[in-house]
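Peer 1: Sharing a structure here in structure tokens format.
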Amino acid sequence: MKLKTYILTRILLSIPMILIILTIVFFVLRVLPGNPVLAMLGPKAPPEIIHAMEHQMGLDKPIIVQYFIYLSHIAVGNFGTSTYTSLPVLQELVQKFPATFELTFYSMIIAVSIGIFFGSYAAYNFGKPADILARVYSIFVYSFPVFWFGIMLQLIFGVWLHWLPVSGRSSPFMIPNHIYTGIYSIDALLNGQFDIFVDAVRHLILPSVTLGVVISSIFVRMVRSNVLLALSSQYVIAARARGESERKILFKHALKNAMPPILTIMGLQFALLLAGAILTETTFSWPGIGNYLITRISYRDFPAIQGAIVFFAFFVAFISILVDIINAWIDPRIRY
Amino acid sequence: MDTNIEIKNLSIEYRMRNGTVHAVRDADFSVDKKETLSIVGESGCGKSTTGHAILKLLPSNARATGSIIYNGKNILTMSNNEIRQIRGKHISIVFQDPMTSLDPIMRVKDHFFELIKAHDSKVNEQEMIEIASCALEASGVSAKRLNNYPFEFSGGMRQRVMIALAIALQPSVIVADEPTTSLDVVVQEQIMEVLKNLKRTKDMSIILITHDLGIVAEVADKVAVMYAGEIVEYADIYNLYKNPLHPYTQLLLKSVPNIKIGDMELHNIPGSLPDLKNIPQGCRFRDRCPMVKDICKKETPPIIDKDGRKVRCWLYG
């Protein structure tokens, strides 16, 4: 099979997956207690207004009819209107998403670099102090609760040392003049506003280190065990017997062969991070989707919650397609 | 004839958590140019360990003493960088399992490129493809398959690719570590044919490690029989088959299966290898030896020179 055919198949296969997620999200939210109309109008609203409102929102229709209306709306990119702000949910999500993506992306970079370098170094020095250190590090760091670690970093670097800001994604008035992507660090560079770039990065350091370090523990372990497995295989010995240098054996043979399972986990983690950023975003008052979701849950803003979850679902599907494609590109056996 | 590689007093031990395994003790042999030496013995007798030691490919828990002299230098004391320049270019190895010896995510040509670049960074792609095609054709693989991945080859074809990799840079010594063990007899025959041709046309010394005495008879010039880490008999092929000296060699030759009506029984050597972690005093073969004497239990037999052959047995002492 050609790589192109593989990619196409993979994309088609993700359609049923997304459909299932959409269905589950819809029905779970309907089963949960709490009436969005009551939440909007308050407990003292007169019944006729409540009925009128329910009719207007289509909540008086049979649930199965509501379900198909919801599906047909999603299909054309209509995520509904927020019952809290009366703005289209998609518009709000698109506006919040870059902040979350920026945080997640930088956390991933930190986690992946720590994971790959520390993990392969530990595998290469199996049983030696570096390896023991890596194992202790991953168990230790994995047991950090994200919010606790975030608060500790805020305390040390923000409160005591005054090195870094502890909340938000920018200082007052330090927003890029022109927004292209919504990712401040990139927009600032595109505008050539170097001071704003520095400000954005300074705000990013603590939250992304918090998330990145906690996630890196899994990556260190994953990389270490997979590289260890690859290093003990016959083709590594065979490469050594051809006179290949140890550094190339580690990166060209062992790490590359170990990559597919590592990438799969990394993709899943990246998706989880987006959702898991809720804790970090709350700890660092980061104005992203995590914070948005928390606020809207307390207002019973059904369209917004539903929209945010569906948005995540699409993103998870997208990442997993991406991971599968990269894996197929690395390992030709996958696409045959 | 000129000696290509000479092994003197080679002893190898593996340090394990529950003791030290004495895998090879006091091995002595040499291989001349254009000569094929075969190391035979049953599983676990130290023959592969010896073969890997020649390329310094032993795992990190192994300790090797003695010397392996190649071109006047001792391989065992070489630095990583020195041995790296020898591996693949001067001495190469073909492994037992062709299914796992090629990197599954690398094209066949990239294996060749890696080999060639590791020894000469200035070669351009055209030259590399030429070298690779030549080696592949010599091993019976079409050069058209350079762009294929290992999983597109059968086991026998992969072993041919491995052989092609081993001969690509025209090394002076090839260690073939049970190259046909995991292959069926037809492919075995073809692979051995390839090795025989190479010997004839390319002036290489081959160290053939195997437990298949049929193959040994076909290609070897000299044979070293190993038992429990020791070379028990070292002779040229003709004398060894005609008149085996050591009781182990005699039993080994008898146990070669014979397809004759009326003699369909499989002969074997009763007993098993001694525990290599704590080897008892005396001869290592004494518990399985039909000709055991009192002295065998007390003293380790020395290497005895008999008619220009070497044997480690009290029968001749």
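Scheme for the structure tokens: letters A, B, ... for chains in order shown; per-chain residue numbers from 1; ligand numbers from 1 in order shown.
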Neighbours of stretch 288-304 of chain A within 8 Å (only C-alpha atoms; same-chain residues fewer than 3 positions away dropped), as a compact mmCIF listing (two decimals) with all heavy atoms, in the first residue's frame?
Peer 2:
```txt
# COMPACT_ATOMS: atom_id res chain seq x y z
N LEU A 29 -24.56 14.25 28.49
CA LEU A 29 -24.96 15.57 28.98
C LEU A 29 -26.47 15.64 29.23
O LEU A 29 -26.91 16.36 30.12
CB LEU A 29 -24.54 16.64 27.97
CG LEU A 29 -23.06 17.02 28.03
CD1 LEU A 29 -22.74 18.06 26.99
CD2 LEU A 29 -22.70 17.54 29.42
N GLY A 34 -29.67 18.71 36.18
CA GLY A 34 -29.46 20.14 35.99
C GLY A 34 -30.12 20.60 34.73
O GLY A 34 -29.95 20.01 33.67
N ASN A 35 -30.89 21.64 34.79
CA ASN A 35 -31.63 22.16 33.64
C ASN A 35 -30.97 23.45 33.16
O ASN A 35 -30.84 24.41 33.93
CB ASN A 35 -33.08 22.42 34.07
CG ASN A 35 -33.94 22.85 32.91
OD1 ASN A 35 -33.44 23.44 31.95
ND2 ASN A 35 -35.22 22.58 33.00
N PRO A 36 -30.53 23.49 31.93
CA PRO A 36 -29.83 24.69 31.46
C PRO A 36 -30.72 25.93 31.46
O PRO A 36 -30.26 27.03 31.71
CB PRO A 36 -29.41 24.31 30.03
CG PRO A 36 -30.28 23.18 29.64
CD PRO A 36 -30.61 22.46 30.89
N ALA A 39 -30.87 27.20 34.87
CA ALA A 39 -29.58 27.79 35.18
C ALA A 39 -29.47 29.18 34.57
O ALA A 39 -28.88 30.10 35.17
CB ALA A 39 -28.45 26.90 34.66
N MET A 40 -30.07 29.38 33.38
CA MET A 40 -30.00 30.68 32.72
C MET A 40 -30.91 31.70 33.38
O MET A 40 -30.53 32.84 33.60
CB MET A 40 -30.45 30.54 31.25
CG MET A 40 -29.37 30.17 30.30
SD MET A 40 -30.15 29.74 28.74
CE MET A 40 -30.56 31.36 28.13
N PHE A 79 -21.68 24.73 16.30
CA PHE A 79 -21.55 24.11 17.62
C PHE A 79 -22.60 24.65 18.59
O PHE A 79 -22.55 24.42 19.78
CB PHE A 79 -20.16 24.35 18.20
CG PHE A 79 -19.12 23.41 17.64
CD1 PHE A 79 -18.99 23.23 16.29
CD2 PHE A 79 -18.27 22.71 18.49
CE1 PHE A 79 -18.03 22.36 15.77
CE2 PHE A 79 -17.31 21.84 17.99
CZ PHE A 79 -17.20 21.67 16.62
N GLY A 80 -23.53 25.42 18.09
CA GLY A 80 -24.57 25.98 18.95
C GLY A 80 -24.18 27.34 19.50
O GLY A 80 -23.11 27.86 19.23
N THR A 81 -25.10 27.92 20.25
CA THR A 81 -24.87 29.24 20.82
C THR A 81 -24.78 29.10 22.32
O THR A 81 -25.58 28.38 22.93
CB THR A 81 -26.04 30.16 20.46
OG1 THR A 81 -26.24 30.07 19.05
CG2 THR A 81 -25.75 31.59 20.84
N SER A 82 -23.82 29.77 22.91
CA SER A 82 -23.66 29.70 24.35
C SER A 82 -24.89 30.25 25.04
O SER A 82 -25.41 31.30 24.65
CB SER A 82 -22.42 30.49 24.76
OG SER A 82 -22.49 30.76 26.14
N THR A 83 -25.40 29.56 26.04
CA THR A 83 -26.55 30.08 26.77
C THR A 83 -26.10 31.13 27.78
O THR A 83 -26.91 31.80 28.39
CB THR A 83 -27.27 28.95 27.52
OG1 THR A 83 -26.31 28.28 28.33
CG2 THR A 83 -27.90 27.97 26.55
N TYR A 84 -24.81 31.28 27.96
CA TYR A 84 -24.30 32.23 28.95
C TYR A 84 -23.93 33.57 28.30
O TYR A 84 -24.26 34.63 28.82
CB TYR A 84 -23.08 31.59 29.62
CG TYR A 84 -22.38 32.49 30.61
CD1 TYR A 84 -23.04 32.94 31.76
CD2 TYR A 84 -21.05 32.86 30.43
CE1 TYR A 84 -22.39 33.76 32.67
CE2 TYR A 84 -20.40 33.66 31.33
CZ TYR A 84 -21.08 34.12 32.46
OH TYR A 84 -20.44 34.93 33.34
N VAL A 89 -20.63 29.14 20.00
CA VAL A 89 -19.64 28.41 20.79
C VAL A 89 -18.34 28.26 20.01
O VAL A 89 -17.23 28.44 20.55
CB VAL A 89 -20.19 27.02 21.19
CG1 VAL A 89 -19.10 26.17 21.82
CG2 VAL A 89 -21.33 27.19 22.15
N LEU A 93 -14.59 29.08 21.20
CA LEU A 93 -13.55 28.05 21.28
C LEU A 93 -12.33 28.44 20.45
O LEU A 93 -11.19 28.31 20.90
CB LEU A 93 -14.10 26.70 20.80
CG LEU A 93 -15.09 26.03 21.73
CD1 LEU A 93 -15.69 24.81 21.06
CD2 LEU A 93 -14.41 25.65 23.03
N LYS A 96 -10.34 30.84 22.29
CA LYS A 96 -9.64 30.34 23.49
C LYS A 96 -8.56 29.32 23.12
O LYS A 96 -7.61 29.13 23.87
CB LYS A 96 -10.63 29.66 24.45
CG LYS A 96 -11.69 30.57 25.00
CD LYS A 96 -11.12 31.43 26.09
CE LYS A 96 -12.20 32.35 26.64
NZ LYS A 96 -11.66 33.34 27.57
N PHE A 97 -8.76 28.63 22.01
CA PHE A 97 -7.90 27.49 21.71
C PHE A 97 -6.41 27.82 21.60
O PHE A 97 -5.58 27.07 22.14
CB PHE A 97 -8.39 26.80 20.42
CG PHE A 97 -7.57 25.60 20.04
CD1 PHE A 97 -7.60 24.46 20.82
CD2 PHE A 97 -6.75 25.63 18.93
CE1 PHE A 97 -6.84 23.36 20.48
CE2 PHE A 97 -5.98 24.53 18.59
CZ PHE A 97 -6.03 23.39 19.36
N PRO A 98 -6.03 28.92 20.93
CA PRO A 98 -4.59 29.19 20.79
C PRO A 98 -3.85 29.23 22.12
O PRO A 98 -2.74 28.72 22.22
CB PRO A 98 -4.55 30.55 20.09
CG PRO A 98 -5.83 30.61 19.35
CD PRO A 98 -6.84 29.91 20.20
N ALA A 99 -4.49 29.77 23.15
CA ALA A 99 -3.82 29.84 24.45
C ALA A 99 -3.52 28.44 24.97
O ALA A 99 -2.40 28.14 25.41
CB ALA A 99 -4.69 30.60 25.45
N THR A 100 -4.53 27.57 24.89
CA THR A 100 -4.33 26.19 25.34
C THR A 100 -3.30 25.48 24.47
O THR A 100 -2.41 24.78 24.98
CB THR A 100 -5.67 25.42 25.28
OG1 THR A 100 -6.59 26.09 26.12
CG2 THR A 100 -5.50 24.00 25.72
N LEU A 274 -4.18 18.49 26.52
CA LEU A 274 -5.12 19.54 26.16
C LEU A 274 -6.25 19.58 27.18
O LEU A 274 -6.63 20.64 27.68
CB LEU A 274 -5.70 19.26 24.78
CG LEU A 274 -4.84 19.67 23.62
CD1 LEU A 274 -5.50 19.24 22.34
CD2 LEU A 274 -4.66 21.17 23.63
N ALA A 275 -6.78 18.40 27.48
CA ALA A 275 -7.86 18.34 28.44
C ALA A 275 -7.31 18.53 29.85
O ALA A 275 -7.89 19.24 30.68
CB ALA A 275 -8.56 17.00 28.31
N GLY A 276 -6.15 17.91 30.10
CA GLY A 276 -5.56 17.95 31.44
C GLY A 276 -5.04 19.32 31.79
O GLY A 276 -4.75 19.62 32.95
N ALA A 277 -4.93 20.18 30.79
CA ALA A 277 -4.45 21.53 31.06
C ALA A 277 -5.41 22.28 31.96
O ALA A 277 -5.08 23.35 32.46
CB ALA A 277 -4.25 22.28 29.75
N ILE A 278 -6.59 21.70 32.19
CA ILE A 278 -7.58 22.36 33.07
C ILE A 278 -6.94 22.74 34.40
O ILE A 278 -7.06 23.88 34.86
CB ILE A 278 -8.79 21.41 33.31
CG1 ILE A 278 -9.57 21.25 32.01
CG2 ILE A 278 -9.69 21.95 34.40
CD1 ILE A 278 -10.66 20.23 32.06
N LEU A 279 -6.22 21.77 35.01
CA LEU A 279 -5.61 22.03 36.32
C LEU A 279 -4.55 23.12 36.22
O LEU A 279 -4.51 24.04 37.03
CB LEU A 279 -4.99 20.76 36.87
CG LEU A 279 -5.96 19.80 37.55
CD1 LEU A 279 -5.24 18.52 37.95
CD2 LEU A 279 -6.57 20.46 38.77
N GLU A 281 -4.21 25.34 33.86
CA GLU A 281 -4.80 26.62 33.47
C GLU A 281 -5.45 27.30 34.67
O GLU A 281 -5.39 28.51 34.81
CB GLU A 281 -5.82 26.41 32.34
CG GLU A 281 -5.14 26.13 31.02
CD GLU A 281 -6.11 26.04 29.85
OE1 GLU A 281 -7.31 26.31 30.05
OE2 GLU A 281 -5.66 25.69 28.75
N THR A 282 -6.07 26.50 35.54
CA THR A 282 -6.67 27.08 36.73
C THR A 282 -5.59 27.60 37.66
O THR A 282 -5.68 28.73 38.17
CB THR A 282 -7.53 26.02 37.45
OG1 THR A 282 -8.24 25.29 36.48
CG2 THR A 282 -8.50 26.68 38.41
N SER A 285 -4.11 30.74 36.11
CA SER A 285 -5.11 31.64 35.51
C SER A 285 -4.85 31.80 34.01
O SER A 285 -4.80 32.92 33.50
CB SER A 285 -5.09 33.03 36.15
OG SER A 285 -4.92 32.92 37.52
N GLY A 307 -19.70 21.65 23.08
CA GLY A 307 -18.81 22.13 22.03
C GLY A 307 -17.35 21.91 22.39
O GLY A 307 -16.55 21.43 21.58
N ALA A 308 -16.99 22.23 23.64
CA ALA A 308 -15.60 22.10 24.06
C ALA A 308 -15.17 20.64 23.98
O ALA A 308 -14.08 20.32 23.48
CB ALA A 308 -15.41 22.64 25.47
```
Peer 1: Within 7 Å of chain B, which residues of chain A show up? Give each one with its shortest atom-to-atom distance in Å (one decimal) and the two atoms involved, counting only C-alpha atoms, rows by chain then rising residue number, as JSON lines.
Peer 2:
```
{"residue": "A:Gln234", "atom": "CA", "partner": "B:Ser101", "partner_atom": "CA", "distance": 5.0}
{"residue": "A:Tyr235", "atom": "CA", "partner": "B:Ser101", "partner_atom": "CA", "distance": 4.3}
{"residue": "A:Ala238", "atom": "CA", "partner": "B:Ser101", "partner_atom": "CA", "distance": 6.0}
{"residue": "A:Ala241", "atom": "CA", "partner": "B:Arg87", "partner_atom": "CA", "distance": 5.4}
{"residue": "A:Arg242", "atom": "CA", "partner": "B:Gly88", "partner_atom": "CA", "distance": 4.2}
{"residue": "A:Gly243", "atom": "CA", "partner": "B:Arg84", "partner_atom": "CA", "distance": 4.5}
{"residue": "A:Glu244", "atom": "CA", "partner": "B:Ala118", "partner_atom": "CA", "distance": 5.6}
{"residue": "A:Ile330", "atom": "CA", "partner": "B:Ile105", "partner_atom": "CA", "distance": 6.9}
{"residue": "A:Asp331", "atom": "CA", "partner": "B:Ile105", "partner_atom": "CA", "distance": 5.3}
{"residue": "A:Pro332", "atom": "CA", "partner": "B:Ile105", "partner_atom": "CA", "distance": 6.5}
```
Peer 1: Save out the residues we just selected, N, CA, C and O atoms, as a PDB file, in the first residue's frame.
Peer 2:
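This went into selection.pdb:
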```pdb
ATOM      1  N   GLN A 234      19.175  -8.039  17.742  1.00  0.00           N
ATOM      2  CA  GLN A 234      20.266  -8.544  16.916  1.00  0.00           C
ATOM      3  C   GLN A 234      20.739  -7.508  15.888  1.00  0.00           C
ATOM      4  O   GLN A 234      21.921  -7.418  15.597  1.00  0.00           O
ATOM      5  N   TYR A 235      19.807  -6.696  15.351  1.00  0.00           N
ATOM      6  CA  TYR A 235      20.244  -5.759  14.316  1.00  0.00           C
ATOM      7  C   TYR A 235      21.154  -4.670  14.871  1.00  0.00           C
ATOM      8  O   TYR A 235      21.932  -4.089  14.128  1.00  0.00           O
ATOM      9  N   ALA A 238      24.419  -6.368  14.910  1.00  0.00           N
ATOM     10  CA  ALA A 238      24.865  -6.474  13.516  1.00  0.00           C
ATOM     11  C   ALA A 238      25.400  -5.129  13.021  1.00  0.00           C
ATOM     12  O   ALA A 238      26.402  -5.083  12.305  1.00  0.00           O
ATOM     13  N   ALA A 241      28.718  -4.650  14.349  1.00  0.00           N
ATOM     14  CA  ALA A 241      29.675  -5.516  13.645  1.00  0.00           C
ATOM     15  C   ALA A 241      30.054  -4.942  12.286  1.00  0.00           C
ATOM     16  O   ALA A 241      31.026  -5.369  11.688  1.00  0.00           O
ATOM     17  N   ARG A 242      29.254  -3.989  11.782  1.00  0.00           N
ATOM     18  CA  ARG A 242      29.619  -3.345  10.519  1.00  0.00           C
ATOM     19  C   ARG A 242      30.525  -2.144  10.742  1.00  0.00           C
ATOM     20  O   ARG A 242      30.895  -1.467   9.794  1.00  0.00           O
ATOM     21  N   GLY A 243      30.807  -1.846  12.010  1.00  0.00           N
ATOM     22  CA  GLY A 243      31.713  -0.740  12.302  1.00  0.00           C
ATOM     23  C   GLY A 243      30.993   0.575  12.544  1.00  0.00           C
ATOM     24  O   GLY A 243      31.616   1.632  12.525  1.00  0.00           O
ATOM     25  N   GLU A 244      29.677   0.525  12.762  1.00  0.00           N
ATOM     26  CA  GLU A 244      28.926   1.755  13.024  1.00  0.00           C
ATOM     27  C   GLU A 244      29.272   2.289  14.419  1.00  0.00           C
ATOM     28  O   GLU A 244      29.528   1.519  15.342  1.00  0.00           O
ATOM     29  N   ILE A 330       7.753   6.066   9.361  1.00  0.00           N
ATOM     30  CA  ILE A 330       8.977   5.509   9.950  1.00  0.00           C
ATOM     31  C   ILE A 330       9.082   4.020   9.638  1.00  0.00           C
ATOM     32  O   ILE A 330      10.113   3.538   9.207  1.00  0.00           O
ATOM     33  N   ASP A 331       8.004   3.290   9.891  1.00  0.00           N
ATOM     34  CA  ASP A 331       8.054   1.836   9.786  1.00  0.00           C
ATOM     35  C   ASP A 331       7.226   1.355   8.602  1.00  0.00           C
ATOM     36  O   ASP A 331       6.002   1.336   8.665  1.00  0.00           O
ATOM     37  N   PRO A 332       7.878   0.957   7.521  1.00  0.00           N
ATOM     38  CA  PRO A 332       7.143   0.574   6.309  1.00  0.00           C
ATOM     39  C   PRO A 332       6.234  -0.634   6.530  1.00  0.00           C
ATOM     40  O   PRO A 332       5.284  -0.834   5.790  1.00  0.00           O
TER      41      PRO A 332
END
```
Peer 1: Can you pull out every residue from stretch 36-104 of chain A that DSSP, working from the backbone, puts in alpha helix (DSSP H), and format the result as a ChimeraX atom specification?
Peer 2: /A:36-41,47-57,63-75,89-104
Peer 1: Name all residues at most 10 Å from B:Arg15 (count only C-alpha atoms; drop same-chain ones fewer than 4 positions away) and give them as a JSON list (two decimals) with N, CA, C and O atoms, in the first residue's frame.
Peer 2:
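Final output, saved to around30.json:
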```json
[["chain", "number", "residue", "atom", "x", "y", "z"],
["B", 19, "GLY", "N", 26.93, -15.89, 39.88],
["B", 19, "GLY", "CA", 28.20, -16.58, 39.69],
["B", 19, "GLY", "C", 28.84, -16.24, 38.36],
["B", 19, "GLY", "O", 28.29, -15.49, 37.56],
["B", 20, "THR", "N", 30.02, -16.80, 38.14],
["B", 20, "THR", "CA", 30.75, -16.53, 36.90],
["B", 20, "THR", "C", 30.68, -17.76, 36.01],
["B", 20, "THR", "O", 30.94, -18.87, 36.45],
["B", 21, "VAL", "N", 30.29, -17.53, 34.75],
["B", 21, "VAL", "CA", 30.24, -18.63, 33.81],
["B", 21, "VAL", "C", 31.54, -18.64, 33.02],
["B", 21, "VAL", "O", 31.90, -17.66, 32.38],
["B", 22, "HIS", "N", 32.26, -19.75, 33.08],
["B", 22, "HIS", "CA", 33.52, -19.85, 32.33],
["B", 22, "HIS", "C", 33.20, -20.41, 30.95],
["B", 22, "HIS", "O", 33.18, -21.62, 30.75],
["B", 60, "SER", "N", 28.66, -6.57, 27.78],
["B", 60, "SER", "CA", 29.53, -5.84, 28.72],
["B", 60, "SER", "C", 29.87, -6.65, 29.96],
["B", 60, "SER", "O", 30.81, -6.32, 30.67],
["B", 61, "ASN", "N", 29.13, -7.74, 30.23],
["B", 61, "ASN", "CA", 29.47, -8.51, 31.43],
["B", 61, "ASN", "C", 30.50, -9.61, 31.14],
["B", 61, "ASN", "O", 30.78, -10.43, 31.99],
["B", 62, "ALA", "N", 31.03, -9.60, 29.91],
["B", 62, "ALA", "CA", 32.01, -10.63, 29.56],
["B", 62, "ALA", "C", 33.43, -10.10, 29.77],
["B", 62, "ALA", "O", 33.71, -8.93, 29.53],
["B", 63, "ARG", "N", 34.30, -10.95, 30.26],
["B", 63, "ARG", "CA", 35.73, -10.60, 30.39],
["B", 63, "ARG", "C", 36.53, -11.58, 29.55],
["B", 63, "ARG", "O", 36.41, -12.78, 29.75],
["B", 277, "LYS", "N", 29.36, -22.82, 35.65],
["B", 277, "LYS", "CA", 29.59, -21.89, 36.76],
["B", 277, "LYS", "C", 30.57, -22.47, 37.77],
["B", 277, "LYS", "O", 31.38, -21.76, 38.33]]
```
Peer 1: Just want the 12 Å neighbourhood of A:Leu211, counted on only C-alpha atoms, with same-chain residues fewer than 3 positions away dropped. Output as a PyMOL selection string.
Peer 2: chain A and resi 100+103-112+141-142+144-151+153+204-208+214-218+269-270+272-281+283-284
